[in-house]
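What's in my_file_9.cif: mmCIF, C-alpha atoms
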data_run
#
loop_
_atom_site.label_atom_id
_atom_site.label_comp_id
_atom_site.auth_asym_id
_atom_site.auth_seq_id
_atom_site.Cartn_x
_atom_site.Cartn_y
_atom_site.Cartn_z
CA MET A 1 0.00 0.00 0.00
CA GLY A 2 2.99 2.32 0.60
CA LYS A 3 3.41 3.18 -3.06
CA LEU A 4 -0.26 3.86 -3.76
CA PRO A 5 -0.43 7.60 -3.04
CA ASP A 6 2.56 8.23 -5.34
CA ASP A 7 0.95 6.32 -8.20
CA ALA A 8 -2.35 8.01 -7.65
CA ARG A 9 -0.73 11.42 -7.38
CA GLY A 10 0.60 11.01 -10.87
CA HIS A 11 -2.86 9.97 -12.02
CA THR A 12 -4.84 13.17 -11.51
CA ARG A 13 -3.33 15.53 -8.98
CA GLY A 14 -1.79 18.75 -10.19
CA PRO A 15 1.74 19.63 -9.14
CA LYS A 16 0.53 21.89 -6.31
CA ASP A 17 -1.93 19.41 -4.78
CA SER A 18 -0.93 18.42 -1.28
CA ARG A 19 -2.40 15.52 0.66
CA GLY A 20 -4.59 17.99 2.60
CA VAL A 21 -6.07 19.46 -0.58
CA VAL A 22 -6.97 16.04 -1.96
CA VAL A 23 -8.46 14.84 1.32
CA SER A 24 -10.55 18.04 1.57
CA ARG A 25 -11.78 17.62 -1.99
CA ILE A 26 -12.79 13.99 -1.37
CA ILE A 27 -14.64 14.96 1.83
CA GLU A 28 -16.45 17.82 0.12
CA VAL A 29 -17.62 15.62 -2.75
CA ALA A 30 -18.61 12.78 -0.40
CA ARG A 31 -20.55 15.13 1.87
CA GLY A 32 -22.61 16.41 -1.06
CA ALA A 33 -23.25 12.88 -2.31
CA PHE A 34 -24.29 11.52 1.11
CA ALA A 35 -26.63 14.48 1.60
CA GLU A 36 -28.17 14.52 -1.90
CA GLN A 37 -28.21 10.86 -2.87
CA GLY A 38 -28.20 9.21 0.53
CA TYR A 39 -25.65 6.94 2.19
CA ASP A 40 -26.65 3.71 0.44
CA ALA A 41 -26.59 5.16 -3.07
CA THR A 42 -23.11 6.64 -2.56
CA SER A 43 -20.03 4.45 -3.13
CA MET A 44 -16.39 5.21 -2.45
CA ARG A 45 -15.84 4.65 -6.17
CA SER A 46 -18.51 7.18 -7.24
CA VAL A 47 -17.01 9.71 -4.81
CA ALA A 48 -13.52 9.15 -6.26
CA ILE A 49 -14.78 9.62 -9.81
CA ALA A 50 -16.66 12.82 -8.93
CA ALA A 51 -13.60 14.14 -7.03
CA GLN A 52 -11.38 13.16 -9.97
CA VAL A 53 -9.00 11.06 -7.91
CA ASP A 54 -7.91 7.44 -8.23
CA PRO A 55 -10.58 5.29 -6.51
CA ARG A 56 -7.81 3.43 -4.61
CA LEU A 57 -6.81 6.74 -3.02
CA VAL A 58 -10.19 7.10 -1.28
CA GLY A 59 -9.75 3.65 0.20
CA TYR A 60 -6.17 4.49 1.16
CA TYR A 61 -7.09 7.68 3.02
CA PHE A 62 -10.40 6.63 4.58
CA GLY A 63 -10.42 2.83 4.80
CA SER A 64 -14.19 2.39 4.69
CA LYS A 65 -17.36 4.20 3.61
CA GLN A 66 -18.35 4.49 7.27
CA ALA A 67 -15.04 6.23 8.06
CA LEU A 68 -15.52 8.53 5.07
CA LEU A 69 -18.97 9.42 6.42
CA GLU A 70 -17.50 10.17 9.85
CA ALA A 71 -14.97 12.51 8.25
CA CYS A 72 -17.85 14.33 6.50
CA LEU A 73 -19.63 14.91 9.80
CA VAL A 74 -16.85 16.54 11.83
CA PRO A 75 -18.34 19.80 13.19
CA PRO A 76 -17.28 22.83 11.12
CA PRO A 77 -14.29 24.99 12.13
CA GLY A 78 -15.32 27.73 14.56
CA PHE A 79 -18.40 25.80 15.67
CA LEU A 80 -17.06 24.78 19.08
CA GLU A 81 -15.63 28.24 19.72
CA ARG A 82 -19.08 29.73 19.08
CA VAL A 83 -20.65 27.22 21.44
CA THR A 84 -18.19 28.17 24.20
CA GLU A 85 -18.96 31.84 23.63
CA VAL A 86 -22.70 31.22 24.07
CA VAL A 87 -22.23 29.15 27.22
CA THR A 88 -20.19 31.93 28.83
CA THR A 89 -22.72 34.68 27.98
CA ASP A 90 -24.96 35.90 30.85
CA LEU A 91 -27.97 33.59 31.11
CA ASP A 92 -30.51 36.33 30.34
CA ALA A 93 -28.75 37.17 27.04
CA ARG A 94 -28.20 33.56 25.96
CA GLY A 95 -31.35 33.30 23.81
CA GLU A 96 -30.02 36.13 21.66
CA ALA A 97 -26.48 34.69 21.70
CA LEU A 98 -27.74 31.30 20.51
CA VAL A 99 -29.70 32.75 17.59
CA GLN A 100 -26.69 34.89 16.64
CA SER A 101 -24.40 31.85 16.70
CA LEU A 102 -26.87 29.98 14.46
CA LEU A 103 -26.77 32.85 11.95
CA LEU A 104 -22.95 32.93 12.01
CA ASN A 105 -22.69 29.16 11.54
CA TRP A 106 -25.15 29.11 8.63
CA GLU A 107 -24.02 32.24 6.83
CA ASP A 108 -20.51 30.85 6.45
CA PRO A 109 -20.86 28.57 3.35
CA ALA A 110 -18.28 25.98 4.46
CA SER A 111 -19.88 25.63 7.87
CA ALA A 112 -23.43 25.65 6.42
CA SER A 113 -22.56 22.82 4.07
CA ILE A 114 -21.40 20.59 6.93
CA LEU A 115 -24.41 21.39 9.13
CA ARG A 116 -26.81 20.85 6.23
CA SER A 117 -25.27 17.44 5.55
CA ILE A 118 -25.48 16.36 9.18
CA ILE A 119 -29.16 17.37 9.25
CA LEU A 120 -30.08 15.64 5.99
CA ILE A 121 -28.12 12.43 6.56
CA ALA A 122 -29.42 12.21 10.16
CA ALA A 123 -32.87 11.27 8.82
CA GLN A 124 -31.37 8.17 7.24
CA HIS A 125 -28.17 7.16 8.97
CA PRO A 126 -27.55 6.49 12.68
CA VAL A 127 -23.99 7.89 12.65
CA ALA A 128 -25.20 11.28 11.43
CA LEU A 129 -28.14 11.16 13.83
CA GLU A 130 -25.73 10.50 16.70
CA ARG A 131 -23.67 13.52 15.60
CA LEU A 132 -26.82 15.66 15.50
CA ARG A 133 -27.74 14.46 19.01
CA LEU A 134 -24.23 15.37 20.22
CA ILE A 135 -24.58 18.85 18.79
CA VAL A 136 -27.95 19.24 20.50
CA THR A 137 -26.65 17.87 23.79
CA GLY A 138 -23.26 19.59 23.70
CA SER A 139 -24.21 23.01 22.43
CA LEU A 140 -27.87 23.51 23.33
CA VAL A 141 -28.24 21.69 26.65
CA GLY A 142 -24.94 23.32 27.67
CA ALA A 143 -26.57 26.73 27.30
CA VAL A 144 -29.33 25.94 29.82
CA ALA A 145 -28.81 27.22 33.40
CA THR A 146 -26.56 24.75 35.22
CA LYS A 147 -28.45 25.18 38.51
CA LEU A 148 -31.41 23.22 37.09
CA ALA A 149 -31.77 19.45 37.54
CA ASP A 150 -30.39 17.32 34.70
CA GLU A 151 -33.82 16.16 33.51
CA GLU A 152 -35.08 19.73 33.29
CA ARG A 153 -31.91 20.84 31.49
CA THR A 154 -32.22 18.09 28.89
CA LEU A 155 -35.87 18.98 28.28
CA ARG A 156 -35.04 22.66 27.85
CA GLY A 157 -32.11 21.88 25.56
CA GLY A 158 -34.43 19.72 23.44
CA LEU A 159 -37.00 22.51 23.21
CA VAL A 160 -34.29 24.94 22.10
CA ALA A 161 -33.37 22.37 19.45
CA THR A 162 -36.92 22.25 18.04
CA GLN A 163 -36.83 26.00 17.35
CA MET A 164 -33.17 26.29 16.30
CA LEU A 165 -33.29 23.32 13.93
CA GLY A 166 -36.67 24.39 12.53
CA LEU A 167 -35.30 27.87 11.89
CA ALA A 168 -32.18 26.47 10.19
CA MET A 169 -34.23 24.11 7.98
CA THR A 170 -36.79 26.76 6.98
CA ARG A 171 -34.28 29.56 6.35
CA TYR A 172 -31.25 27.72 4.96
CA VAL A 173 -32.20 24.23 3.75
CA TRP A 174 -35.71 24.71 2.30
CA ARG A 175 -35.29 28.51 1.92
CA ILE A 176 -38.98 29.17 2.53
CA GLU A 177 -39.92 32.85 2.17
CA PRO A 178 -40.18 35.27 3.86
CA ILE A 179 -38.04 33.51 6.50
CA ALA A 180 -35.17 32.92 4.04
CA SER A 181 -34.68 36.62 3.34
CA LEU A 182 -35.57 38.06 6.73
CA SER A 183 -32.76 40.34 8.03
CA SER A 184 -30.47 38.90 10.69
CA ASP A 185 -31.65 41.60 13.09
CA ASP A 186 -35.28 40.59 12.61
CA VAL A 187 -34.47 36.90 13.08
CA VAL A 188 -32.68 37.64 16.36
CA ALA A 189 -35.37 40.04 17.62
CA ILE A 190 -38.24 37.66 16.85
CA ILE A 191 -36.76 34.23 17.64
CA ALA A 192 -34.54 35.05 20.66
CA PRO A 193 -37.52 35.48 23.07
CA THR A 194 -38.71 31.95 22.19
CA ILE A 195 -35.24 30.50 22.87
CA GLN A 196 -34.91 32.52 26.05
CA ARG A 197 -38.23 31.17 27.37
CA TYR A 198 -37.11 27.60 26.64
CA LEU A 199 -33.79 28.29 28.41
CA ASP A 200 -35.04 29.83 31.65
CA GLY A 201 -38.68 30.93 31.35
CA GLU A 202 -41.95 29.41 32.49
CA LEU A 203 -42.63 26.41 30.29
CA ARG A 204 -46.25 25.55 31.06
CA ALA A 205 -48.86 28.29 31.24
CA ALA A 206 -50.59 26.33 34.05
CA SER A 207 -47.52 25.93 36.26
CA MET B 1 -51.13 -0.59 -24.03
CA GLY B 2 -54.71 -1.77 -23.42
CA LYS B 3 -53.69 -5.34 -22.67
CA LEU B 4 -50.81 -4.50 -20.37
CA PRO B 5 -52.55 -4.42 -16.98
CA ASP B 6 -54.11 -7.85 -17.69
CA ASP B 7 -50.73 -9.35 -18.53
CA ALA B 8 -49.11 -7.75 -15.53
CA ARG B 9 -51.95 -8.82 -13.25
CA GLY B 10 -51.21 -12.40 -14.09
CA HIS B 11 -47.55 -11.76 -13.38
CA THR B 12 -47.58 -11.00 -9.66
CA ARG B 13 -50.98 -9.86 -8.38
CA GLY B 14 -52.97 -12.17 -6.19
CA PRO B 15 -56.60 -12.89 -7.09
CA LYS B 16 -57.93 -10.28 -4.64
CA ASP B 17 -55.66 -7.41 -5.78
CA SER B 18 -57.64 -4.55 -7.27
CA ARG B 19 -56.15 -1.68 -9.23
CA GLY B 20 -56.40 0.53 -6.11
CA VAL B 21 -54.41 -1.91 -4.00
CA VAL B 22 -51.62 -2.14 -6.57
CA VAL B 23 -51.47 1.64 -7.07
CA SER B 24 -51.30 2.18 -3.29
CA ARG B 25 -48.53 -0.38 -2.94
CA ILE B 26 -46.50 1.24 -5.72
CA ILE B 27 -46.94 4.69 -4.15
CA GLU B 28 -45.96 3.45 -0.70
CA VAL B 29 -42.79 1.80 -1.99
CA ALA B 30 -41.90 4.81 -4.16
CA ARG B 31 -42.42 7.23 -1.27
CA GLY B 32 -40.02 5.29 0.92
CA ALA B 33 -37.43 5.08 -1.87
CA PHE B 34 -37.62 8.79 -2.74
CA ALA B 35 -37.29 9.72 0.94
CA GLU B 36 -34.50 7.26 1.85
CA GLN B 37 -32.45 7.06 -1.37
CA GLY B 38 -33.33 10.37 -2.98
CA TYR B 39 -35.11 11.14 -6.24
CA ASP B 40 -32.15 10.59 -8.56
CA ALA B 41 -31.20 7.19 -7.15
CA THR B 42 -34.78 5.90 -7.46
CA SER B 43 -35.97 4.48 -10.78
CA MET B 44 -39.46 3.37 -11.81
CA ARG B 45 -37.94 -0.04 -12.39
CA SER B 46 -36.44 -0.30 -8.87
CA VAL B 47 -39.81 0.75 -7.41
CA ALA B 48 -41.60 -1.93 -9.46
CA ILE B 49 -39.19 -4.61 -8.31
CA ALA B 50 -39.51 -3.60 -4.65
CA ALA B 51 -43.32 -3.47 -4.97
CA GLN B 52 -43.28 -6.85 -6.72
CA VAL B 53 -45.18 -5.67 -9.78
CA ASP B 54 -44.34 -5.80 -13.49
CA PRO B 55 -42.15 -2.72 -14.24
CA ARG B 56 -44.41 -1.91 -17.23
CA LEU B 57 -47.31 -1.51 -14.83
CA VAL B 58 -45.63 1.41 -13.04
CA GLY B 59 -45.21 3.15 -16.38
CA TYR B 60 -48.79 2.33 -17.31
CA TYR B 61 -50.27 3.80 -14.13
CA PHE B 62 -47.97 6.79 -13.61
CA GLY B 63 -46.45 7.67 -16.98
CA SER B 64 -43.25 9.25 -15.63
CA LYS B 65 -41.06 9.34 -12.52
CA GLN B 66 -42.09 12.96 -11.97
CA ALA B 67 -45.78 11.94 -11.98
CA LEU B 68 -45.01 9.09 -9.58
CA LEU B 69 -43.31 11.61 -7.27
CA GLU B 70 -46.36 13.90 -7.43
CA ALA B 71 -48.58 10.97 -6.44
CA CYS B 72 -46.32 10.33 -3.42
CA LEU B 73 -46.70 13.92 -2.24
CA VAL B 74 -50.48 14.24 -2.16
CA PRO B 75 -51.33 15.53 1.35
CA PRO B 76 -52.50 12.71 3.64
CA PRO B 77 -56.21 11.94 4.17
CA GLY B 78 -57.68 14.06 6.96
CA PHE B 79 -54.97 16.70 6.61
CA LEU B 80 -57.13 19.34 4.94
CA GLU B 81 -60.02 18.71 7.34
CA ARG B 82 -57.66 19.32 10.27
CA VAL B 83 -56.45 22.54 8.65
CA THR B 84 -60.03 23.76 8.25
CA GLU B 85 -60.73 22.96 11.89
CA VAL B 86 -57.76 25.06 13.03
CA VAL B 87 -58.69 28.01 10.83
CA THR B 88 -62.22 28.09 12.31
CA THR B 89 -60.99 27.92 15.95
CA ASP B 90 -61.05 31.20 17.93
CA LEU B 91 -57.86 33.15 17.22
CA ASP B 92 -56.68 33.05 20.84
CA ALA B 93 -56.90 29.23 20.94
CA ARG B 94 -55.32 28.67 17.54
CA GLY B 95 -51.77 28.15 18.84
CA GLU B 96 -53.00 25.18 20.83
CA ALA B 97 -55.19 23.95 17.94
CA LEU B 98 -52.21 24.03 15.55
CA VAL B 99 -49.97 22.01 17.87
CA GLN B 100 -52.80 19.51 18.43
CA SER B 101 -53.32 19.11 14.68
CA LEU B 102 -49.58 18.52 14.24
CA LEU B 103 -49.72 15.74 16.85
CA LEU B 104 -52.77 14.15 15.16
CA ASN B 105 -51.15 14.29 11.73
CA TRP B 106 -47.89 12.76 12.94
CA GLU B 107 -49.26 10.14 15.29
CA ASP B 108 -51.23 8.53 12.44
CA PRO B 109 -48.56 6.34 10.73
CA ALA B 110 -49.98 6.68 7.19
CA SER B 111 -50.16 10.45 7.47
CA ALA B 112 -46.73 10.67 9.18
CA SER B 113 -45.12 8.70 6.37
CA ILE B 114 -46.40 11.14 3.73
CA LEU B 115 -45.40 14.23 5.72
CA ARG B 116 -41.97 12.77 6.46
CA SER B 117 -41.41 12.11 2.76
CA ILE B 118 -42.45 15.61 1.74
CA ILE B 119 -40.05 17.07 4.32
CA LEU B 120 -37.10 14.86 3.36
CA ILE B 121 -37.52 15.11 -0.41
CA ALA B 122 -38.07 18.89 -0.18
CA ALA B 123 -34.37 19.34 0.61
CA GLN B 124 -33.49 17.84 -2.78
CA HIS B 125 -36.35 18.18 -5.22
CA PRO B 126 -38.26 21.33 -6.25
CA VAL B 127 -41.63 19.53 -6.62
CA ALA B 128 -41.55 18.38 -3.00
CA LEU B 129 -40.29 21.78 -1.86
CA GLU B 130 -43.22 23.41 -3.68
CA ARG B 131 -45.61 21.03 -1.88
CA LEU B 132 -44.01 21.92 1.46
CA ARG B 133 -44.39 25.64 0.66
CA LEU B 134 -48.07 25.06 -0.19
CA ILE B 135 -48.62 23.32 3.14
CA VAL B 136 -46.93 26.21 4.94
CA THR B 137 -48.88 28.82 2.98
CA GLY B 138 -52.21 27.01 2.96
CA SER B 139 -52.35 25.70 6.49
CA LEU B 140 -50.11 27.95 8.56
CA VAL B 141 -50.57 31.37 6.97
CA GLY B 142 -54.30 30.59 6.87
CA ALA B 143 -54.31 30.35 10.67
CA VAL B 144 -52.97 33.91 11.12
CA ALA B 145 -55.54 36.64 11.86
CA THR B 146 -57.08 37.74 8.54
CA LYS B 147 -57.29 41.37 9.66
CA LEU B 148 -53.51 41.71 9.33
CA ALA B 149 -51.83 42.93 6.13
CA ASP B 150 -50.70 40.19 3.71
CA GLU B 151 -46.99 40.80 4.31
CA GLU B 152 -47.44 40.51 8.07
CA ARG B 153 -49.56 37.36 7.69
CA THR B 154 -46.94 35.67 5.50
CA LEU B 155 -44.20 36.54 7.98
CA ARG B 156 -46.21 35.15 10.90
CA GLY B 157 -47.12 32.00 8.96
CA GLY B 158 -43.42 31.49 8.19
CA LEU B 159 -42.49 31.90 11.86
CA VAL B 160 -45.14 29.34 12.83
CA ALA B 161 -43.55 27.03 10.24
CA THR B 162 -40.08 27.32 11.83
CA GLN B 163 -41.42 26.01 15.15
CA MET B 164 -43.94 23.47 13.77
CA LEU B 165 -41.49 21.93 11.29
CA GLY B 166 -38.68 21.95 13.85
CA LEU B 167 -40.92 20.17 16.35
CA ALA B 168 -41.98 17.60 13.74
CA MET B 169 -38.37 16.91 12.68
CA THR B 170 -37.03 16.66 16.24
CA ARG B 171 -39.90 14.55 17.61
CA TYR B 172 -40.85 12.34 14.65
CA VAL B 173 -38.08 12.28 12.04
CA TRP B 174 -34.89 12.40 14.12
CA ARG B 175 -36.65 11.22 17.35
CA ILE B 176 -34.32 13.21 19.59
CA GLU B 177 -34.98 12.64 23.31
CA PRO B 178 -36.59 13.83 25.50
CA ILE B 179 -38.72 15.58 22.85
CA ALA B 180 -39.59 12.29 21.12
CA SER B 181 -41.23 10.79 24.19
CA LEU B 182 -42.70 13.93 25.75
CA SER B 183 -46.43 13.49 26.42
CA SER B 184 -48.84 15.14 23.98
CA ASP B 185 -50.18 17.30 26.81
CA ASP B 186 -46.68 18.59 27.58
CA VAL B 187 -45.96 19.30 23.92
CA VAL B 188 -49.15 21.33 23.62
CA ALA B 189 -48.66 23.16 26.93
CA ILE B 190 -45.06 24.13 26.16
CA ILE B 191 -45.12 24.80 22.41
CA ALA B 192 -48.58 26.40 21.99
CA PRO B 193 -47.54 29.72 23.62
CA THR B 194 -44.71 30.05 21.06
CA ILE B 195 -47.10 29.43 18.17
CA GLN B 196 -49.69 31.78 19.67
CA ARG B 197 -47.12 34.59 19.93
CA TYR B 198 -46.14 34.10 16.29
CA LEU B 199 -49.84 34.15 15.29
CA ASP B 200 -50.99 37.30 17.08
CA GLY B 201 -48.49 38.37 19.75
CA GLU B 202 -45.82 41.05 19.84
CA LEU B 203 -42.99 39.89 17.60
CA ARG B 204 -40.15 42.26 18.47
CA ALA B 205 -39.35 43.05 22.08
CA ALA B 206 -38.44 46.61 21.03
CA SER B 207 -41.69 47.33 19.15
#
Encoded form using structure tokens:
Amino acid sequence: MGKLPDDARGHTRGPKDSRGVVVSRIIEVARGAFAEQGYDATSMRSVAIAAQVDPRLVGYYFGSKQALLEACLVPPPGFLERVTEVVTTDLDARGEALVQSLLLNWEDPASASILRSIILIAAQHPVALERLRLIVTGSLVGAVATKLADEERTLRGGLVATQMLGLAMTRYVWRIEPIASLSSDDVVAIIAPTIQRYLDGELRAAS
Amino acid sequence: MGKLPDDARGHTRGPKDSRGVVVSRIIEVARGAFAEQGYDATSMRSVAIAAQVDPRLVGYYFGSKQALLEACLVPPPGFLERVTEVVTTDLDARGEALVQSLLLNWEDPASASILRSIILIAAQHPVALERLRLIVTGSLVGAVATKLADEERTLRGGLVATQMLGLAMTRYVWRIEPIASLSSDDVVAIIAPTIQRYLDGELRAAS
């Protein structure tokens, strides 16, 4: 196997292609294919052909289709930093901070493409669903007040997820108007109070 | 073409199969394939094989893959009746009525399967996206107070969509806990106030 990358490099890579560039290109093509055609209909060979690399190279770098999928679902750069920022914001401003972080994550095309893929593949494949659950647990439950009991925190994090994910789908995946072209300021002003109520407000009118 | 259904009937249909039964079976199989594998990866032939009918029969009944897709996206039975019920509820109880209609639509497996397909295919195919937009416009915008200006009504209907679709995805498509196993009463009690605010409440804290 040691000689394979050299052979394959001669096959299609330009003189300036580094290993990182090729790996990125394979991941980008695979991510689109998994999201648009589904996991089952995507093969490592079809990804290699679309990425214009030797099919053996995809096997060499990723080993298996499952491993290639995992590589496609790594949270986007900057995502974790934004999560940390939200979690360290004052609790009463966290609704706004969460909506703002959603806008930042989705208005950066590279980050949006990864999040979109996780969301779409999650409906079909357990690995992507697990990643989506981790994002919900790690970033949204983490924003709920830590003084609350775990069960209450998980519920509130889940409620935040229903609104955040619904907003992301409507605005960025389906692009349903007028939500798709609403200004960022309007999105924050209108949606933040909902998130804030789920984070620390009264949940049931009767209680 | 006149003789084709007779030939095909002999091929795989049991003695009690009527045209309606075969058409329903084809649609059910096609809906699953479009939703799980995507539109491009699904062929009329693969649907016929999975539905155990003569491939010519799918062509005979539906004409084209696009027409087969359209048949898969017809709103579920009872859906329009539930929409009408919501629209005729008092405005101040409509948030609750909308959440209750969502629960009814999604807890009926036949109806849930159609809605799930529309939602999943909408991310990839314009016909399904158009159907999703019609559902949003027809059922959600219709629930907003008619005294408001059109632009305001469309905005509010879109906001309702972000929460309703996000709830449906989280609870029924991705089944993220604890939202997936929350009691219906809790879902209504917690989510209805959000919907009600989008329908007729103050949208911007500053306004």
message: I need the residue nearest Ala93 of chain B from this list: B:Gly157, B:Ala180, B:Leu203, B:Ala143. Use all atoms listed in the file for the distance.
response: B:Ala143
Can you check which parts of chain B lie within 7 Å of chain A? Per residue, the shortest pair of atoms and distance in Å to one decimal, counting only C-alpha atoms, sorted by chain and number, as JSON lines.
{"residue": "B:Glu36", "atom": "CA", "partner": "A:Gln124", "partner_atom": "CA", "distance": 6.3}
{"residue": "B:Gln37", "atom": "CA", "partner": "A:Gly38", "partner_atom": "CA", "distance": 5.1}
{"residue": "B:Gly38", "atom": "CA", "partner": "A:Gln37", "partner_atom": "CA", "distance": 5.1}
{"residue": "B:Asp40", "atom": "CA", "partner": "A:Gln37", "partner_atom": "CA", "distance": 6.9}
{"residue": "B:Ala41", "atom": "CA", "partner": "A:Gln37", "partner_atom": "CA", "distance": 6.4}
{"residue": "B:Ala122", "atom": "CA", "partner": "A:Trp174", "partner_atom": "CA", "distance": 6.8}
{"residue": "B:Ala123", "atom": "CA", "partner": "A:Trp174", "partner_atom": "CA", "distance": 5.8}
{"residue": "B:Gln124", "atom": "CA", "partner": "A:Glu36", "partner_atom": "CA", "distance": 6.3}
{"residue": "B:Leu129", "atom": "CA", "partner": "A:Trp174", "partner_atom": "CA", "distance": 6.8}
{"residue": "B:Arg133", "atom": "CA", "partner": "A:Ile176", "partner_atom": "CA", "distance": 6.7}
{"residue": "B:Thr154", "atom": "CA", "partner": "A:Pro178", "partner_atom": "CA", "distance": 7.0}
{"residue": "B:Leu155", "atom": "CA", "partner": "A:Pro178", "partner_atom": "CA", "distance": 5.9}
{"residue": "B:Gly158", "atom": "CA", "partner": "A:Ile179", "partner_atom": "CA", "distance": 6.0}
{"residue": "B:Thr162", "atom": "CA", "partner": "A:Gly166", "partner_atom": "CA", "distance": 4.6}
{"residue": "B:Gln163", "atom": "CA", "partner": "A:Gln163", "partner_atom": "CA", "distance": 5.1}
{"residue": "B:Leu165", "atom": "CA", "partner": "A:Gly166", "partner_atom": "CA", "distance": 5.6}
{"residue": "B:Gly166", "atom": "CA", "partner": "A:Gly166", "partner_atom": "CA", "distance": 3.4}
{"residue": "B:Leu167", "atom": "CA", "partner": "A:Thr162", "partner_atom": "CA", "distance": 4.8}
{"residue": "B:Thr170", "atom": "CA", "partner": "A:Thr162", "partner_atom": "CA", "distance": 5.9}
{"residue": "B:Val173", "atom": "CA", "partner": "A:Ala123", "partner_atom": "CA", "distance": 6.2}
{"residue": "B:Trp174", "atom": "CA", "partner": "A:Ala123", "partner_atom": "CA", "distance": 5.8}
{"residue": "B:Ile176", "atom": "CA", "partner": "A:Arg133", "partner_atom": "CA", "distance": 6.7}
{"residue": "B:Pro178", "atom": "CA", "partner": "A:Leu155", "partner_atom": "CA", "distance": 5.9}
{"residue": "B:Ile179", "atom": "CA", "partner": "A:Gly158", "partner_atom": "CA", "distance": 6.0}
{"residue": "B:Ala189", "atom": "CA", "partner": "A:Arg204", "partner_atom": "CA", "distance": 5.3}
{"residue": "B:Ile190", "atom": "CA", "partner": "A:Arg204", "partner_atom": "CA", "distance": 5.2}
{"residue": "B:Thr194", "atom": "CA", "partner": "A:Thr194", "partner_atom": "CA", "distance": 6.4}
{"residue": "B:Leu203", "atom": "CA", "partner": "A:Ile190", "partner_atom": "CA", "distance": 5.3}
{"residue": "B:Arg204", "atom": "CA", "partner": "A:Ile190", "partner_atom": "CA", "distance": 5.2}
{"residue": "B:Ala205", "atom": "CA", "partner": "A:Ala189", "partner_atom": "CA", "distance": 6.7}
Each side padded by 6 Å, which centre and which edge lengths in Å (one decimal) define the axis-aligned box around the listed atoms of segment 59-77 of chain A? Give them as AutoDock Vina command-line options.
--center_x -12.9 --center_y 13.7 --center_z 6.7 --size_x 25.5 --size_y 34.6 --size_z 25.0
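Closest approach to Leu73 of chain A from the set A:Val141, A:Val22, A:Ile114, A:Ile135 is made by A:Ile114, with distances taken over all atoms listed in the file.
The list of residues with at least one atom within 10 Å of Pro77 of chain B, based on only C-alpha atoms and without residues fewer than 3 positions apart in the same chain, reads B:Val74, B:Leu80, B:Glu81, B:Arg82, B:Asn105, B:Ala110, B:Ser111, B:Ile114.
Going from atom CA of Glu107 of chain B to atom CA of Leu69 of chain B covers 23.4 Å.
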- request: Can you pull out every residue within 8 Å of Asp200 of chain B, counting only C-alpha atoms, but drop anything in the same chain fewer than 3 positions away, and send it as a PyMOL selection string?
  value: chain B and resi 144-145+196-197
Just the selected residues (C-alpha atoms), exported as a JSON list (two decimals), in the frame of the given file, please.
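As written to disk, result_25.json reads:
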[["chain", "number", "residue", "atom", "x", "y", "z"],
["B", 144, "VAL", "CA", -52.97, 33.91, 11.12],
["B", 145, "ALA", "CA", -55.54, 36.64, 11.86],
["B", 196, "GLN", "CA", -49.69, 31.78, 19.67],
["B", 197, "ARG", "CA", -47.12, 34.59, 19.93]]
